[in-house]
>>> print(open('final07.cif').read())   # mmCIF, C-alpha atoms
data_start
#
loop_
_atom_site.label_atom_id
_atom_site.label_comp_id
_atom_site.auth_asym_id
_atom_site.auth_seq_id
_atom_site.Cartn_x
_atom_site.Cartn_y
_atom_site.Cartn_z
CA MET A 25 -27.32 -29.53 -3.35
CA ASN A 26 -24.85 -28.51 -5.99
CA ALA A 27 -21.14 -27.97 -5.56
CA THR A 28 -21.41 -24.21 -5.64
CA THR A 29 -23.85 -24.19 -2.80
CA VAL A 30 -21.66 -26.52 -0.84
CA GLY A 31 -18.63 -24.42 -1.63
CA THR A 32 -20.37 -21.22 -0.61
CA ARG A 33 -21.55 -22.77 2.64
CA GLU A 34 -18.03 -23.97 3.40
CA LEU A 35 -16.64 -20.54 2.65
CA ASP A 36 -19.21 -18.93 4.92
CA THR A 37 -18.37 -21.36 7.66
CA ASP A 38 -14.69 -20.62 7.35
CA ALA A 39 -15.37 -16.93 7.47
CA ASP A 40 -17.52 -17.41 10.53
CA LEU A 41 -14.82 -19.42 12.27
CA VAL A 42 -12.25 -16.79 11.42
CA ARG A 43 -14.53 -14.09 12.79
CA ARG A 44 -14.95 -15.98 16.04
CA ALA A 45 -11.23 -16.67 16.27
CA ARG A 46 -10.52 -12.99 15.77
CA GLY A 47 -12.73 -12.28 18.72
CA GLY A 48 -10.57 -14.53 20.89
CA ASP A 49 -12.49 -17.80 20.51
CA TYR A 50 -9.62 -20.25 20.31
CA ALA A 51 -11.94 -23.22 19.80
CA ALA A 52 -12.95 -21.72 16.46
CA PHE A 53 -9.33 -21.56 15.41
CA GLU A 54 -8.81 -25.14 16.53
CA GLU A 55 -11.70 -26.12 14.32
CA LEU A 56 -9.95 -24.48 11.38
CA PHE A 57 -6.78 -26.35 12.29
CA ASN A 58 -8.54 -29.70 12.44
CA ARG A 59 -10.22 -29.01 9.16
CA TYR A 60 -7.17 -28.02 7.15
CA GLN A 61 -4.12 -29.52 8.83
CA THR A 62 -4.03 -32.43 6.37
CA LEU A 63 -4.28 -30.14 3.38
CA VAL A 64 -1.45 -27.99 4.63
CA TYR A 65 0.63 -30.97 5.68
CA ARG A 66 0.33 -32.61 2.26
CA PHE A 67 1.49 -29.45 0.57
CA ALA A 68 4.33 -28.92 3.04
CA TYR A 69 5.46 -32.52 2.76
CA GLN A 70 5.61 -32.31 -1.03
CA MET A 71 7.65 -29.16 -0.73
CA ILE A 72 9.92 -30.42 2.05
CA PRO A 73 9.89 -34.21 1.91
CA ARG A 74 10.86 -34.76 5.53
CA ARG A 75 8.02 -35.48 7.84
CA ASP A 76 9.38 -33.73 10.92
CA GLU A 77 10.22 -30.58 9.01
CA ALA A 78 6.93 -30.61 7.17
CA GLU A 79 5.13 -30.88 10.50
CA ASP A 80 7.12 -27.95 11.84
CA VAL A 81 6.14 -25.93 8.82
CA VAL A 82 2.48 -26.82 9.27
CA GLN A 83 2.56 -25.81 12.89
CA GLU A 84 4.34 -22.56 12.11
CA SER A 85 1.83 -21.87 9.35
CA PHE A 86 -1.08 -22.09 11.75
CA VAL A 87 0.72 -20.06 14.38
CA ARG A 88 1.34 -17.30 11.85
CA ALA A 89 -2.22 -17.54 10.63
CA TYR A 90 -3.41 -17.09 14.19
CA GLN A 91 -1.11 -14.13 14.68
CA ASN A 92 -2.25 -12.49 11.47
CA LEU A 93 -5.95 -13.27 11.46
CA HIS A 94 -6.67 -9.54 11.36
CA ARG A 95 -4.96 -9.39 7.97
CA TYR A 96 -7.09 -12.08 6.41
CA ARG A 97 -9.73 -10.63 4.14
CA ASP A 98 -12.93 -12.56 3.83
CA GLU A 99 -13.17 -12.29 0.07
CA ALA A 100 -10.35 -14.83 -0.35
CA LYS A 101 -10.71 -18.45 0.58
CA PHE A 102 -9.16 -19.22 3.93
CA THR A 103 -7.29 -22.21 2.50
CA THR A 104 -5.77 -20.06 -0.23
CA TRP A 105 -4.53 -17.60 2.35
CA LEU A 106 -3.26 -20.43 4.53
CA LEU A 107 -1.43 -22.13 1.66
CA ARG A 108 0.16 -18.84 0.76
CA ILE A 109 1.61 -18.61 4.26
CA THR A 110 2.74 -22.22 4.03
CA HIS A 111 4.33 -21.66 0.66
CA ASN A 112 6.38 -18.75 1.98
CA LEU A 113 7.47 -20.78 4.98
CA CYS A 114 8.38 -23.74 2.77
CA THR A 115 10.51 -21.54 0.58
CA ASP A 116 12.43 -20.27 3.59
CA GLN A 117 12.69 -23.71 5.11
CA LYS A 118 13.85 -25.26 1.87
CA ARG A 119 16.71 -22.82 1.60
CA MET A 120 17.77 -23.52 5.15
CA VAL A 121 17.45 -27.29 4.73
CA GLN A 122 19.38 -27.18 1.48
CA ARG A 123 22.30 -25.46 3.12
CA ARG A 124 22.26 -27.83 6.06
CA THR A 125 21.88 -30.93 3.88
CA ASN A 126 24.77 -29.92 1.68
CA LEU A 127 26.96 -29.62 4.73
CA GLU A 128 25.79 -32.98 6.07
CA GLN A 129 26.30 -34.69 2.74
CA GLN A 130 29.77 -33.24 2.42
CA GLU A 131 30.69 -34.53 5.85
CA ALA A 132 29.15 -37.98 5.24
CA GLY A 133 30.50 -38.43 1.71
CA ARG A 134 27.08 -38.47 0.02
CA SER A 135 25.96 -41.48 2.07
CA LEU A 136 22.91 -39.68 3.44
CA ASP A 137 20.97 -39.39 0.20
CA TRP A 138 18.01 -41.16 1.77
CA MET A 139 17.41 -38.12 3.95
CA THR A 140 16.34 -36.09 0.96
CA ILE A 141 13.91 -38.68 -0.31
CA GLY A 142 11.46 -38.78 2.54
CA SER A 143 9.47 -41.78 1.35
CA GLN A 144 9.12 -44.68 3.69
CA GLU A 145 10.40 -48.02 2.62
CA ASP A 146 7.58 -50.47 1.99
CA PRO A 147 8.76 -53.99 1.31
CA ILE A 148 5.46 -54.99 -0.25
CA GLU A 149 5.57 -52.41 -2.94
CA ASN A 150 6.75 -53.29 -6.34
CA LEU A 151 10.43 -52.60 -6.72
CA GLU A 152 9.98 -51.00 -10.10
CA GLN A 153 7.35 -48.68 -8.73
CA ASP A 154 9.64 -47.85 -5.86
CA ARG A 155 12.40 -47.04 -8.25
CA ARG A 156 10.16 -44.75 -10.26
CA LYS A 157 8.87 -43.15 -7.16
CA VAL A 158 12.35 -42.45 -5.84
CA ALA A 159 13.42 -41.10 -9.19
CA LEU A 160 10.35 -38.92 -9.40
CA ARG A 161 10.87 -37.57 -5.91
CA LYS A 162 14.48 -36.83 -6.66
CA ALA A 163 13.62 -35.15 -9.92
CA LEU A 164 10.94 -33.09 -8.26
CA ASN A 165 13.26 -32.07 -5.45
CA ALA A 166 15.94 -31.16 -7.94
CA LEU A 167 13.62 -28.75 -9.72
CA PRO A 168 13.92 -25.05 -8.96
CA GLU A 169 11.60 -24.10 -6.16
CA HIS A 170 9.23 -22.09 -8.37
CA HIS A 171 8.79 -25.06 -10.72
CA ARG A 172 8.34 -27.53 -7.91
CA THR A 173 5.65 -25.40 -6.31
CA LEU A 174 3.63 -25.37 -9.53
CA ILE A 175 3.86 -29.13 -10.01
CA ILE A 176 2.77 -29.74 -6.45
CA LEU A 177 -0.11 -27.29 -6.52
CA ARG A 178 -1.47 -28.27 -9.90
CA ASP A 179 -0.57 -31.91 -10.50
CA LEU A 180 -0.35 -33.29 -6.98
CA GLU A 181 -2.82 -31.17 -5.03
CA GLU A 182 -4.96 -30.54 -8.12
CA LYS A 183 -5.66 -26.90 -7.38
CA GLU A 184 -7.50 -24.73 -9.85
CA TYR A 185 -5.46 -22.24 -11.81
CA SER A 186 -7.30 -19.36 -10.21
CA GLU A 187 -6.37 -20.57 -6.74
CA ILE A 188 -2.77 -21.14 -7.80
CA ALA A 189 -2.69 -17.60 -9.12
CA GLU A 190 -3.96 -16.31 -5.78
CA ILE A 191 -1.46 -18.33 -3.78
CA LEU A 192 1.47 -17.25 -5.90
CA GLY A 193 0.24 -13.72 -6.45
CA CYS A 194 0.13 -13.86 -10.24
CA THR A 195 -2.48 -13.86 -12.99
CA VAL A 196 -4.33 -16.97 -14.08
CA GLY A 197 -2.64 -16.81 -17.46
CA GLY A 198 0.71 -16.48 -15.73
CA ALA A 199 -0.07 -19.49 -13.58
CA LYS A 200 -0.93 -21.58 -16.66
CA LEU A 201 2.27 -20.58 -18.38
CA ARG A 202 4.34 -21.38 -15.30
CA VAL A 203 2.72 -24.79 -14.97
CA LEU A 204 3.57 -25.61 -18.59
CA ARG A 205 7.17 -24.62 -18.04
CA ALA A 206 7.40 -26.60 -14.82
CA ARG A 207 6.02 -29.74 -16.46
CA ARG A 208 8.46 -29.38 -19.32
CA ALA A 209 11.34 -28.96 -16.86
CA LEU A 210 10.29 -32.05 -14.92
CA LYS A 211 9.92 -34.09 -18.05
CA ASP A 212 13.42 -33.07 -19.18
CA ARG A 213 14.83 -34.32 -15.89
CA LEU A 214 12.94 -37.60 -16.10
CA ALA A 215 13.49 -38.21 -19.82
CA PRO A 216 15.66 -41.31 -19.37
CA LEU A 217 13.10 -42.87 -17.07
CA LEU A 218 10.15 -42.02 -19.25
CA MET B 53 8.33 -29.68 -33.92
CA PRO B 54 6.78 -26.24 -33.95
CA GLU B 55 7.04 -24.37 -30.66
CA PHE B 56 3.35 -23.45 -30.50
CA THR B 57 2.23 -27.08 -30.36
CA ASP B 58 4.09 -27.73 -27.15
CA PRO B 59 1.48 -26.25 -24.79
CA ARG B 60 -1.27 -28.20 -26.51
CA ILE B 61 0.67 -31.43 -26.10
CA ILE B 62 1.18 -30.83 -22.40
CA SER B 63 -2.41 -29.77 -21.83
CA LEU B 64 -3.63 -32.81 -23.70
CA ALA B 65 -1.40 -35.16 -21.75
CA PHE B 66 -2.52 -33.71 -18.42
CA GLY B 67 -6.20 -33.89 -19.31
CA GLU B 68 -6.84 -30.17 -19.45
CA ILE B 69 -8.55 -30.19 -22.83
CA PRO B 70 -12.24 -31.07 -23.16
CA ALA B 71 -12.86 -34.65 -24.27
CA ASP B 72 -14.34 -33.92 -27.71
CA GLU B 73 -11.58 -31.52 -28.59
CA ALA B 74 -8.97 -33.84 -27.08
CA ASP B 75 -9.83 -36.67 -29.46
CA ARG B 76 -9.59 -34.40 -32.47
CA LEU B 77 -6.31 -32.92 -31.25
CA ARG B 78 -4.82 -36.28 -30.44
CA ALA B 79 -5.61 -37.54 -33.92
CA GLU B 80 -4.06 -34.44 -35.40
CA LEU B 81 -0.92 -34.50 -33.28
CA CYS B 82 -0.20 -38.18 -33.63
CA LYS B 83 0.33 -37.82 -37.33
CA ASP B 84 3.83 -36.65 -36.48
CA PRO B 85 5.83 -39.48 -34.78
CA ALA B 86 8.02 -37.05 -32.87
CA ILE B 87 5.01 -35.29 -31.43
CA ALA B 88 3.33 -38.59 -30.66
CA LYS B 89 6.43 -39.69 -28.77
CA GLU B 90 6.54 -36.50 -26.76
CA LEU B 91 2.85 -36.81 -25.98
CA ALA B 92 3.43 -40.35 -24.71
CA GLU B 93 6.28 -39.14 -22.49
CA PHE B 94 4.12 -36.45 -20.93
CA GLU B 95 1.30 -38.92 -20.37
CA SER B 96 3.76 -41.25 -18.67
CA LEU B 97 4.94 -38.38 -16.49
CA GLN B 98 1.39 -37.49 -15.54
CA ALA B 99 0.66 -41.08 -14.57
CA SER B 100 3.86 -41.35 -12.55
CA LEU B 101 3.16 -38.21 -10.56
CA HIS B 102 0.37 -39.99 -8.73
CA LEU B 103 3.01 -42.11 -7.06
CA LEU B 104 4.05 -39.05 -5.12
CA ASN B 105 0.68 -38.74 -3.48
CA ASP B 106 1.67 -41.43 -1.05
CA ILE B 107 2.46 -39.37 1.99
CA PRO B 108 3.24 -40.65 5.48
CA PRO B 109 0.70 -39.63 8.10
CA SER B 110 1.53 -36.66 10.22
CA GLN B 111 1.76 -36.54 13.97
CA LEU B 112 0.21 -33.14 14.22
CA SER B 113 -2.22 -32.45 16.99
CA SER B 114 -4.24 -29.51 18.08
CA GLU B 115 -2.73 -29.86 21.56
CA ARG B 116 0.72 -29.38 20.14
CA LEU B 117 -0.43 -26.29 18.26
CA ARG B 118 -2.17 -24.92 21.34
CA ASP B 119 0.96 -25.45 23.42
CA THR B 120 3.04 -23.61 20.86
CA ILE B 121 0.64 -20.72 20.69
CA LEU B 122 0.33 -20.47 24.44
CA ARG B 123 4.07 -20.81 24.90
CA GLN B 124 4.60 -17.83 22.65
CA GLY B 125 1.94 -15.93 24.54
CA LEU B 126 0.20 -14.90 21.39
CA LYS B 127 -3.08 -13.12 21.19
CA PRO B 128 -4.99 -12.64 17.98
CA GLN B 129 -4.97 -9.01 17.01
CA SER B 130 -8.56 -8.04 16.72
CA ARG B 131 -8.07 -4.63 15.16
CA PRO B 132 -9.35 -4.31 11.61
CA TRP B 133 -6.88 -4.46 8.78
CA TRP B 134 -7.56 -0.91 7.70
CA ILE B 135 -6.55 0.58 11.07
CA GLY B 136 -2.94 0.34 10.02
CA TRP B 137 -3.66 2.71 7.15
CA GLY B 138 -6.02 4.96 9.09
CA TRP B 139 -3.37 7.61 9.42
CA ALA B 140 -3.09 8.01 5.65
CA PRO B 141 -6.24 10.08 4.98
CA VAL B 142 -5.60 12.14 8.11
CA ALA B 143 -2.05 12.85 6.98
CA ALA B 144 -3.27 13.73 3.50
CA PHE B 145 -5.85 16.14 4.93
CA VAL B 146 -3.26 17.80 7.15
CA ALA B 147 -0.87 18.12 4.22
CA VAL B 148 -3.51 19.70 1.99
CA PHE B 149 -4.57 22.03 4.78
CA ALA B 150 -0.98 23.10 5.45
CA LEU B 151 -0.31 23.63 1.75
CA THR B 152 -3.44 25.69 1.32
CA ASN B 153 -2.57 27.82 4.31
CA TYR B 154 0.93 28.32 3.00
CA LYS B 155 -0.36 29.49 -0.36
CA MET B 156 -2.83 31.79 1.29
CA SER B 157 -0.10 33.29 3.40
CA LEU B 158 1.85 34.06 0.25
CA ARG B 159 -1.12 35.85 -1.25
CA GLU B 160 -2.38 37.75 1.75
CA PRO B 161 -0.11 40.38 3.25
CA GLU B 162 0.76 39.88 6.80
CA ILE B 163 -0.93 42.49 8.94
CA ARG B 164 1.29 43.15 11.87
CA VAL B 165 -0.70 46.07 13.15
CA SER B 166 -1.81 45.51 16.65
CA LEU B 167 -4.75 47.81 16.86
CA ASP B 168 -5.25 47.09 20.53
CA ALA B 169 -1.86 48.53 21.29
CA ILE B 170 -2.56 51.69 19.35
CA SER B 171 -4.15 54.48 21.19
CA ASN B 172 -4.41 56.86 18.25
CA PRO B 173 -4.44 54.85 15.08
CA VAL B 174 -3.94 56.52 11.76
CA ALA B 175 -5.47 54.97 8.73
CA MET B 176 -5.45 55.57 5.04
CA VAL B 177 -8.23 57.61 3.57
CA ALA B 178 -9.20 58.39 0.07
CA PRO B 179 -7.05 60.72 -1.99
CA GLN B 180 -8.10 64.30 -1.81
CA GLY B 181 -7.67 64.85 -5.48
CA LEU B 182 -7.34 62.88 -8.65
CA GLY B 183 -3.81 61.85 -9.44
CA THR B 184 -2.55 62.52 -5.99
CA GLY B 185 -1.34 59.91 -3.62
CA PRO B 186 -3.15 58.56 -0.62
CA THR B 187 -3.56 60.59 2.50
CA SER B 188 -3.01 59.45 6.02
CA THR B 189 -5.23 60.89 8.65
CA LEU B 190 -4.88 60.67 12.34
CA VAL B 191 -7.87 59.01 13.89
CA THR B 192 -8.62 59.70 17.45
CA LYS B 193 -9.40 57.22 20.18
CA SER B 194 -13.06 57.93 19.72
CA ALA B 195 -13.18 55.94 16.49
CA PRO B 196 -11.22 52.74 17.00
CA VAL B 197 -13.82 50.56 15.33
CA ALA B 198 -13.88 52.77 12.32
CA SER B 199 -10.14 52.59 11.97
CA LYS B 200 -10.18 48.80 12.10
CA ASN B 201 -12.77 48.69 9.40
CA LEU B 202 -10.75 50.99 7.29
CA ALA B 203 -7.60 48.99 7.62
CA LYS B 204 -9.42 45.91 6.55
CA ALA B 205 -11.13 47.65 3.69
CA THR B 206 -7.86 49.05 2.42
CA LEU B 207 -6.17 45.67 2.38
CA THR B 208 -8.91 43.86 0.56
CA SER B 209 -9.63 46.52 -1.98
CA GLN B 210 -6.20 46.57 -3.62
CA PRO B 211 -4.78 44.14 -6.16
CA ALA B 212 -2.96 41.38 -4.36
CA LYS B 213 0.38 41.73 -6.10
CA LYS B 214 0.56 45.50 -5.66
CA ARG B 215 -0.28 45.65 -2.03
CA ARG B 216 2.47 46.83 0.23
CA HIS B 217 2.02 47.76 3.79
CA ARG B 218 4.34 49.33 6.14
CA LYS B 219 3.90 49.75 9.78
CA VAL B 220 5.42 52.79 11.24
CA GLU B 221 5.43 53.26 14.91
CA GLU B 222 6.33 56.40 16.63
CA GLU B 223 8.57 55.46 19.43
CA SER B 224 8.72 58.88 20.94
CA ASP B 225 4.98 59.38 20.88
CA PRO B 226 2.98 56.14 21.07
CA ASN B 227 -0.22 57.98 20.42
CA LEU B 228 0.73 58.52 16.82
CA TYR B 229 0.72 55.80 14.30
CA ALA B 230 0.82 55.88 10.56
CA MET B 231 0.55 53.24 7.94
CA VAL B 232 1.67 54.06 4.44
CA THR B 233 0.46 52.17 1.49
CA SER B 234 1.81 52.49 -1.98
CA SER B 235 -0.67 54.08 -4.22
CA VAL B 236 -1.89 52.91 -7.52
CA PRO B 237 -2.37 55.26 -10.41
CA GLY B 238 -5.48 57.29 -9.91
CA GLY B 239 -5.39 56.92 -6.20
CA LEU B 240 -6.56 54.18 -3.90
CA PRO B 241 -9.52 52.17 -5.21
CA ILE B 242 -11.37 52.35 -1.97
CA SER B 243 -13.74 55.17 -2.70
CA ASN B 244 -16.69 52.83 -2.87
CA ASP B 245 -15.92 51.12 0.37
CA ALA B 246 -18.67 51.43 2.92
CA ALA B 247 -16.27 51.85 5.78
CA LEU B 248 -14.77 55.00 4.42
CA PRO B 249 -17.51 57.47 5.38
CA MET B 250 -17.21 56.31 8.94
CA ILE B 251 -13.66 57.47 9.01
CA LYS B 252 -14.49 60.78 7.55
CA GLN B 253 -17.18 61.27 10.10
CA ALA B 254 -14.93 60.34 12.98
CA PRO B 255 -14.60 63.25 15.34
CA VAL B 256 -11.19 64.79 15.37
CA SER B 257 -10.19 67.13 18.06
CA SER B 258 -8.61 70.33 16.95
CA ASP B 259 -5.39 69.84 18.84
CA GLN B 260 -4.82 66.38 17.38
CA GLY B 261 -5.87 67.03 13.82
CA GLN B 262 -2.47 66.44 12.30
CA VAL B 263 -2.64 65.47 8.68
CA VAL B 264 0.03 63.78 6.59
CA LEU B 265 -0.19 64.03 2.85
CA ILE B 266 1.79 61.51 0.93
CA ASN B 267 2.46 61.72 -2.76
CA SER B 268 3.79 58.65 -4.48
CA GLU B 269 5.90 58.85 -7.55
CA VAL B 270 8.17 56.66 -9.56
CA ASP B 271 11.88 56.84 -9.00
CA GLU B 272 13.67 57.80 -12.21
CA HIS B 273 16.66 55.53 -11.68
CA SER B 274 15.15 52.41 -10.25
CA GLY B 275 11.55 52.68 -11.44
CA ALA B 276 10.32 51.74 -8.02
CA GLN B 277 7.48 53.44 -6.23
CA LYS B 278 8.51 55.92 -3.62
CA ALA B 279 6.48 57.99 -1.25
CA GLN B 280 7.10 61.59 -0.56
CA GLU B 281 5.57 63.47 2.23
CA VAL B 282 3.84 66.54 0.86
CA GLU B 283 2.28 68.00 3.92
CA GLY B 284 2.17 66.82 7.47
CA THR B 285 3.58 67.11 10.88
CA PRO B 286 7.08 66.36 12.09
CA SER B 287 5.78 64.07 14.79
CA VAL B 288 4.39 61.60 12.27
CA PRO B 289 7.16 59.54 10.66
CA VAL B 290 6.33 58.30 7.21
CA GLY B 291 8.09 55.60 5.34
CA GLY B 292 7.64 54.58 1.77
#
>>> encode(input="final07.cif", output="structure tokens")
Amino acid sequence: MNATTVGTRELDTDADLVRRARGGDYAAFEELFNRYQTLVYRFAYQMIPRRDEAEDVVQESFVRAYQNLHRYRDEAKFTTWLLRITHNLCTDQKRMVQRRTNLEQQEAGRSLDWMTIGSQEDPIENLEQDRRKVALRKALNALPEHHRTLIILRDLEEKEYSEIAEILGCTVGGAKLRVLRARRALKDRLAPLL
Amino acid sequence: MPEFTDPRIISLAFGEIPADEADRLRAELCKDPAIAKELAEFESLQASLHLLNDIPPSQLSSERLRDTILRQGLKPQSRPWWIGWGWAPVAAFVAVFALTNYKMSLREPEIRVSLDAISNPVAMVAPQGLGTGPTSTLVTKSAPVASKNLAKATLTSQPAKKRRHRKVEEESDPNLYAMVTSSVPGGLPISNDAALPMIKQAPVSSDQGQVVLINSEVDEHSGAQKAQEVEGTPSVPVGG
């Protein structure tokens, strides 16, 4: 069985689950949640590198998806539609978190920088790798939101350009151009490290 | 470094160029040390990004989601997406219908003659002679259908822009009613109307056979059409 067939079957199954969920079958929606919660969580965590907030965003994403199932059109992939909801929520959440973090940092005299990193300390890991990782995370978080989204979608989640274009509501060519710009911006921030 | 090479460097570093073309491009780009350095930096960046894929596990659960959904008392809305826009074609149809009616009302004269309330309607008949104006004839109760037909025929037989209708009601004598229509040169163009002979054949009693002759002419000062009563009866008011 080739990938297309598998992909088509998965798409059909998603559409079927959505149809059942629309009809009030909550178990069908739970199946969608179980299937895609990790995907959504990974994306949300990259966007908002705090586990608790990322989990809140994931939960809110599925709640909104459930509320707006009647708006989902079957011609789009369910995951694309779901990630679009998550992206919008992450954007809102990021703004709110940024304001709150700035206030907290001001009050604590910049001693709470670890809160914005989100990675868990692992004593076994190589220290150099840790340093690079922290620097990368900081550089990524310091990018403008539209650049960070592109890096996450393309280089971390490895989405196709067509899907990125659908999530962001732009053309495929526009998505490619934005990715190039985002990579250049990230590289400029990491130049000393690289 | 030329600006146009930048996208190729990035695409090459991130593995978005087919392998055969990538080798050729790499060989070409690495001739310039500055470009080769930039390519190495992008490749280093691409390799480092994989470090960020280490994500702590989530504590999400379907029970937590279910609780949230139930707590908010949400129900999936099962109505189709297009229901929200269902009013649009209906509104468009109503708008077109209203506009069409409005235009029609501008073209068609408003007939305010209530034939049911008229006991002795008077309708326009053909001119009695060439070059003379239209003649109003009293129609008796015995020919109400004929008078309705005539009124309709008169309205539809004239050019739309030149039609003018006046309703004159005799307050002192409700049995008399006259409608005066401006004439067109050469008289009213209703001579071919099928309804006209019915009027002429309508029986008229001798005591009610009052006839009003109206001659239209152009006012010298204003140039407007005006009607002048030529022959008639004092109990039939004529306007024009």
>>> resolve_selection(input="final07.cif", expression="the PyMOL selection byres ((chain A) within 6 of (chain B))", output="ChimeraX atom specification")
/A:46,91,94-95,157,218
>>> residues_around(input="final07.cif", residues="stretch 74-80 of chain B", least_positions_apart="3", cutoff="10 Å", atoms="all atoms listed in the file", output="ChimeraX atom specification")
/B:60-61,63-65,67-71,83-84,87-88,91
>>> atom_distance(input="final07.cif", atom1="atom CA of A:Asp98", atom2="atom CA of A:Ala51")
19.2 Å
>>> atom_distance(input="final07.cif", atom1="atom CA of A:Tyr185", atom2="atom CA of A:Arg202")
10.4 Å
>>> residues_near_point(input="final07.cif", point="(2.6, -22.0, 3.9)", cutoff="9 Å", atoms="only C-alpha atoms", output="list in words")
Val64, Phe67, Ala68, Val81, Val82, Glu84, Ser85, Phe86, Trp105, Leu106, Leu107, Arg108, Ile109, Thr110, His111, Asn112, Leu113, Cys114 and Thr115 of chain A
>>> atom_distance(input="final07.cif", atom1="atom CA of A:Arg124", atom2="atom CA of A:Asp76")
15.0 Å
>>> closest_residue(input="final07.cif", among="A:Glu187, A:Asp212, A:Asp80, A:Asp38", to="A:Tyr60", atoms="only C-alpha atoms")
A:Asp38
